[in-house]
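S.K.: Structure provided below as structure tokens; questions to follow.
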Amino acid sequence: MASMFRLTSLIAAGALAVQLVGCAPMSMSVPTASMDNTVKLRNAAFDKVAVGSFTLDASKNASLDKSHGIRASAVVAPGGSFAQYLGETLKAELLSAGLLDANAATTVTGTLTETDVDASIGTGKGVLAARFVVTRAAKVRYDRELKIESSWDSSFMGAVAIPLAAREYEGQYRKLISKLLDDDTFRQAISK
């Protein structure tokens with residue numbers, strides 16, 4: 001009887017441990033450059049670029065910039081700001097292509113306008129949008145809002161769905177920068 005009680009206690013403790021792990025917030029990894037984006041930036045016509053401030057749209061609730069709930073867990077950005085994470089992602093891409101220069105005459109700033117991740121059973125969804133502004137010598141050369149949306153199969157099991165949603169959400173930052181780098185008007189704005 002005592003061994004049955006111990007076995008039941010161990011099973012209950014294991015189930016509780018699995019549930020508690022799901023509650024721990026997951027921090028996104030430090031942004032790194034992608035090969036595709038680095039190739040897009042390898043162009044002799046591009047000037048060096050500084051990355052200025054990236055902030056959350058002032059009309060949005062400040063909590064959107066801090067964390068997103070994913071079922072029983074949450075995803076947070078390193079440094080505590082998704083807007084800053086977007087700026088750091090752009091910096092990583094520019095650095096990889098040899099175009100990042102804090103003293104450059106051309107500066108890119110950004111405003112995070114929309115951010116969400118949803119790991120609903122069946123289909124997970126994410127959205128990310130930002131307004132990017134390029135200035136040179138106090139003259140605006142580019143000002144446009146870009147948006148990406150994605151969806152993926154989302155498992156019934158939280159242990160599968162939660163980390164997948166976090167990875168998909170993190171990947172959206174690289175995809176949004178990729179969309180920026182594909183924009184011909186942006187490419188002209190950072191040209192010499």
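Letters for chains follow the order of the structure tokens (A, B, ...), residue numbers begin at 1 for each chain, and ligand numbers begin at 1 in the order shown.
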Identify, on the basis of only C-alpha atoms, every residue whose closest approach to A:Ser178 does not exceed 7 Å; exclude the query and any residue fewer than 4 positions from it along the same chain; express the result as JSON, numbers by chain.
M.R.: {"A": [37, 174, 182]}
S.K.: Can those selected residues be exported to a file as a tab-separated table (two decimals), in the first residue's frame so that it contains C-alpha atoms?
M.R.:
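Ended up saving to part18.tsv:
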```tsv
chain	number	residue	atom	x	y	z
A	37	ASN	CA	19.10	39.25	-45.41
A	174	ARG	CA	13.63	38.56	-39.20
A	182	ASP	CA	12.98	43.92	-50.26
```
S.K.: Write down as a VMD selection string the residues of chain A whose backbone DSSP state falls under strand (DSSP E or B).
M.R.: chain A and resid 26 to 27 46 49 to 56 67 to 70 73 to 76 100 106 to 118 122 to 136 139 to 154 191
S.K.: Do you know which residues are at most 7 Å from A:Met26 counting only C-alpha atoms, after dropping those on the same chain fewer than 5 positions away, and could you put them as a PyMOL selection string?
M.R.: chain A and resi 74-76
S.K.: Which polymer residues have any atom within 10 Å of an atom of A:Arg141, counting only C-alpha atoms, with same-chain residues fewer than 2 positions away left out, as a PDB file with N, CA and C atoms, in the first residue's frame?
M.R.:
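around-v5.pdb, freshly written:
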```pdb
ATOM      1  N   THR A 106      22.965  58.508 -42.550  1.00  0.00           N
ATOM      2  CA  THR A 106      21.660  57.884 -42.785  1.00  0.00           C
ATOM      3  C   THR A 106      21.248  57.116 -41.547  1.00  0.00           C
ATOM      4  N   THR A 107      20.042  57.387 -41.048  1.00  0.00           N
ATOM      5  CA  THR A 107      19.554  56.746 -39.822  1.00  0.00           C
ATOM      6  C   THR A 107      18.192  56.112 -40.066  1.00  0.00           C
ATOM      7  N   VAL A 108      18.020  54.901 -39.544  1.00  0.00           N
ATOM      8  CA  VAL A 108      16.729  54.217 -39.590  1.00  0.00           C
ATOM      9  C   VAL A 108      16.165  54.188 -38.179  1.00  0.00           C
ATOM     10  N   VAL A 133      11.325  54.650 -40.648  1.00  0.00           N
ATOM     11  CA  VAL A 133      11.637  55.974 -41.191  1.00  0.00           C
ATOM     12  C   VAL A 133      13.145  56.053 -41.421  1.00  0.00           C
ATOM     13  N   VAL A 134      13.522  56.465 -42.627  1.00  0.00           N
ATOM     14  CA  VAL A 134      14.930  56.672 -42.955  1.00  0.00           C
ATOM     15  C   VAL A 134      15.136  58.167 -43.160  1.00  0.00           C
ATOM     16  N   THR A 135      16.110  58.727 -42.445  1.00  0.00           N
ATOM     17  CA  THR A 135      16.443  60.143 -42.608  1.00  0.00           C
ATOM     18  C   THR A 135      17.922  60.284 -42.964  1.00  0.00           C
ATOM     19  N   ARG A 136      18.207  61.334 -43.730  1.00  0.00           N
ATOM     20  CA  ARG A 136      19.596  61.688 -44.026  1.00  0.00           C
ATOM     21  C   ARG A 136      19.664  63.213 -44.003  1.00  0.00           C
ATOM     22  N   ALA A 137      20.552  63.732 -43.207  1.00  0.00           N
ATOM     23  CA  ALA A 137      20.706  65.189 -43.067  1.00  0.00           C
ATOM     24  C   ALA A 137      19.367  65.846 -42.755  1.00  0.00           C
ATOM     25  N   ALA A 138      18.642  65.268 -41.801  1.00  0.00           N
ATOM     26  CA  ALA A 138      17.346  65.775 -41.317  1.00  0.00           C
ATOM     27  C   ALA A 138      16.244  65.753 -42.376  1.00  0.00           C
ATOM     28  N   LYS A 139      16.473  65.075 -43.484  1.00  0.00           N
ATOM     29  CA  LYS A 139      15.459  64.950 -44.533  1.00  0.00           C
ATOM     30  C   LYS A 139      14.945  63.501 -44.558  1.00  0.00           C
ATOM     31  N   ASP A 143       9.399  56.553 -45.368  1.00  0.00           N
ATOM     32  CA  ASP A 143       8.469  56.525 -44.235  1.00  0.00           C
ATOM     33  C   ASP A 143       7.318  55.597 -44.626  1.00  0.00           C
ATOM     34  N   THR A 185      11.911  51.186 -52.431  1.00  0.00           N
ATOM     35  CA  THR A 185      12.002  52.556 -51.943  1.00  0.00           C
ATOM     36  C   THR A 185      12.979  52.645 -50.769  1.00  0.00           C
ATOM     37  N   PHE A 186      12.944  51.639 -49.897  1.00  0.00           N
ATOM     38  CA  PHE A 186      13.906  51.593 -48.792  1.00  0.00           C
ATOM     39  C   PHE A 186      15.321  51.443 -49.334  1.00  0.00           C
ATOM     40  N   GLN A 188      16.508  52.394 -52.134  1.00  0.00           N
ATOM     41  CA  GLN A 188      16.943  53.681 -52.684  1.00  0.00           C
ATOM     42  C   GLN A 188      17.300  54.652 -51.559  1.00  0.00           C
ATOM     43  N   ALA A 189      16.535  54.597 -50.475  1.00  0.00           N
ATOM     44  CA  ALA A 189      16.747  55.534 -49.363  1.00  0.00           C
ATOM     45  C   ALA A 189      18.096  55.322 -48.683  1.00  0.00           C
ATOM     46  N   ILE A 190      18.624  54.097 -48.695  1.00  0.00           N
ATOM     47  CA  ILE A 190      19.915  53.850 -48.053  1.00  0.00           C
ATOM     48  C   ILE A 190      21.062  53.811 -49.067  1.00  0.00           C
TER      49      ILE A 190
END
```
S.K.: Extract, using only C-alpha atoms, all DNA, RNA and protein residues at most 12 Å from A:Arg144, discarding same-chain residues fewer than 2 positions from it, and format them as a short mmCIF file (atom, residue, chain, number, x, y, z; two decimals) with N, CA, C and O atoms, in the first residue's frame.
M.R.:
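Result file around.cif:
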```
data_model
loop_
_atom_site.label_atom_id
_atom_site.label_comp_id
_atom_site.auth_asym_id
_atom_site.auth_seq_id
_atom_site.Cartn_x
_atom_site.Cartn_y
_atom_site.Cartn_z
N VAL A 108 18.02 54.90 -39.54
CA VAL A 108 16.73 54.22 -39.59
C VAL A 108 16.17 54.19 -38.18
O VAL A 108 16.85 53.79 -37.24
N THR A 109 14.93 54.63 -38.03
CA THR A 109 14.21 54.54 -36.76
C THR A 109 12.94 53.75 -37.00
O THR A 109 12.52 53.54 -38.15
N GLY A 110 12.30 53.31 -35.92
CA GLY A 110 11.09 52.52 -36.10
C GLY A 110 10.10 52.67 -34.96
O GLY A 110 10.47 53.01 -33.84
N THR A 111 8.86 52.41 -35.31
CA THR A 111 7.77 52.42 -34.34
C THR A 111 7.00 51.11 -34.49
O THR A 111 6.45 50.84 -35.58
N LEU A 112 6.98 50.31 -33.45
CA LEU A 112 6.23 49.05 -33.46
C LEU A 112 4.74 49.39 -33.37
O LEU A 112 4.31 50.01 -32.40
N THR A 113 3.97 49.01 -34.38
CA THR A 113 2.56 49.39 -34.43
C THR A 113 1.60 48.24 -34.13
O THR A 113 0.47 48.47 -33.73
N ALA A 129 3.91 44.40 -37.12
CA ALA A 129 3.92 45.55 -38.02
C ALA A 129 4.72 46.68 -37.38
O ALA A 129 4.73 46.84 -36.16
N ALA A 130 5.37 47.45 -38.23
CA ALA A 130 6.16 48.59 -37.75
C ALA A 130 6.25 49.65 -38.84
O ALA A 130 6.18 49.35 -40.03
N ARG A 131 6.39 50.87 -38.38
CA ARG A 131 6.62 52.00 -39.28
C ARG A 131 8.11 52.29 -39.24
O ARG A 131 8.68 52.54 -38.17
N PHE A 132 8.75 52.26 -40.40
CA PHE A 132 10.18 52.52 -40.52
C PHE A 132 10.37 53.89 -41.17
O PHE A 132 9.67 54.24 -42.13
N VAL A 133 11.32 54.65 -40.65
CA VAL A 133 11.64 55.97 -41.19
C VAL A 133 13.14 56.05 -41.42
O VAL A 133 13.93 55.72 -40.53
N VAL A 134 13.52 56.46 -42.63
CA VAL A 134 14.93 56.67 -42.96
C VAL A 134 15.14 58.17 -43.16
O VAL A 134 14.41 58.80 -43.94
N VAL A 140 13.61 63.35 -44.52
CA VAL A 140 13.01 62.01 -44.55
C VAL A 140 13.10 61.47 -45.97
O VAL A 140 12.62 62.08 -46.93
N ARG A 141 13.73 60.31 -46.08
CA ARG A 141 13.89 59.66 -47.39
C ARG A 141 12.96 58.45 -47.55
O ARG A 141 12.75 57.97 -48.66
N TYR A 142 12.43 57.97 -46.42
CA TYR A 142 11.56 56.78 -46.45
C TYR A 142 10.69 56.83 -45.21
O TYR A 142 11.18 57.11 -44.12
N LEU A 146 5.11 48.59 -42.54
CA LEU A 146 5.14 47.25 -43.13
C LEU A 146 4.55 46.26 -42.14
O LEU A 146 4.72 46.42 -40.92
N LYS A 147 3.90 45.24 -42.67
CA LYS A 147 3.22 44.27 -41.81
C LYS A 147 3.40 42.87 -42.38
O LYS A 147 3.36 42.68 -43.60
N LYS A 179 11.27 41.91 -45.31
CA LYS A 179 10.30 42.66 -46.12
C LYS A 179 10.78 44.10 -46.32
O LYS A 179 10.65 44.66 -47.41
N LEU A 180 11.35 44.70 -45.28
CA LEU A 180 11.92 46.03 -45.39
C LEU A 180 13.04 46.05 -46.42
O LEU A 180 13.09 46.94 -47.29
N ASP A 183 12.00 46.13 -50.05
CA ASP A 183 11.27 47.32 -50.50
C ASP A 183 12.22 48.20 -51.32
O ASP A 183 13.21 48.73 -50.79
N ASP A 184 11.91 48.37 -52.60
CA ASP A 184 12.78 49.16 -53.48
C ASP A 184 12.96 50.60 -53.01
O ASP A 184 14.04 51.18 -53.14
N THR A 185 11.91 51.19 -52.43
CA THR A 185 12.00 52.56 -51.94
C THR A 185 12.98 52.65 -50.77
O THR A 185 13.75 53.59 -50.65
N PHE A 186 12.94 51.64 -49.90
CA PHE A 186 13.91 51.59 -48.79
C PHE A 186 15.32 51.44 -49.33
O PHE A 186 16.24 52.13 -48.87
N ALA A 189 16.54 54.60 -50.47
CA ALA A 189 16.75 55.53 -49.36
C ALA A 189 18.10 55.32 -48.68
O ALA A 189 18.66 56.27 -48.12
#
```
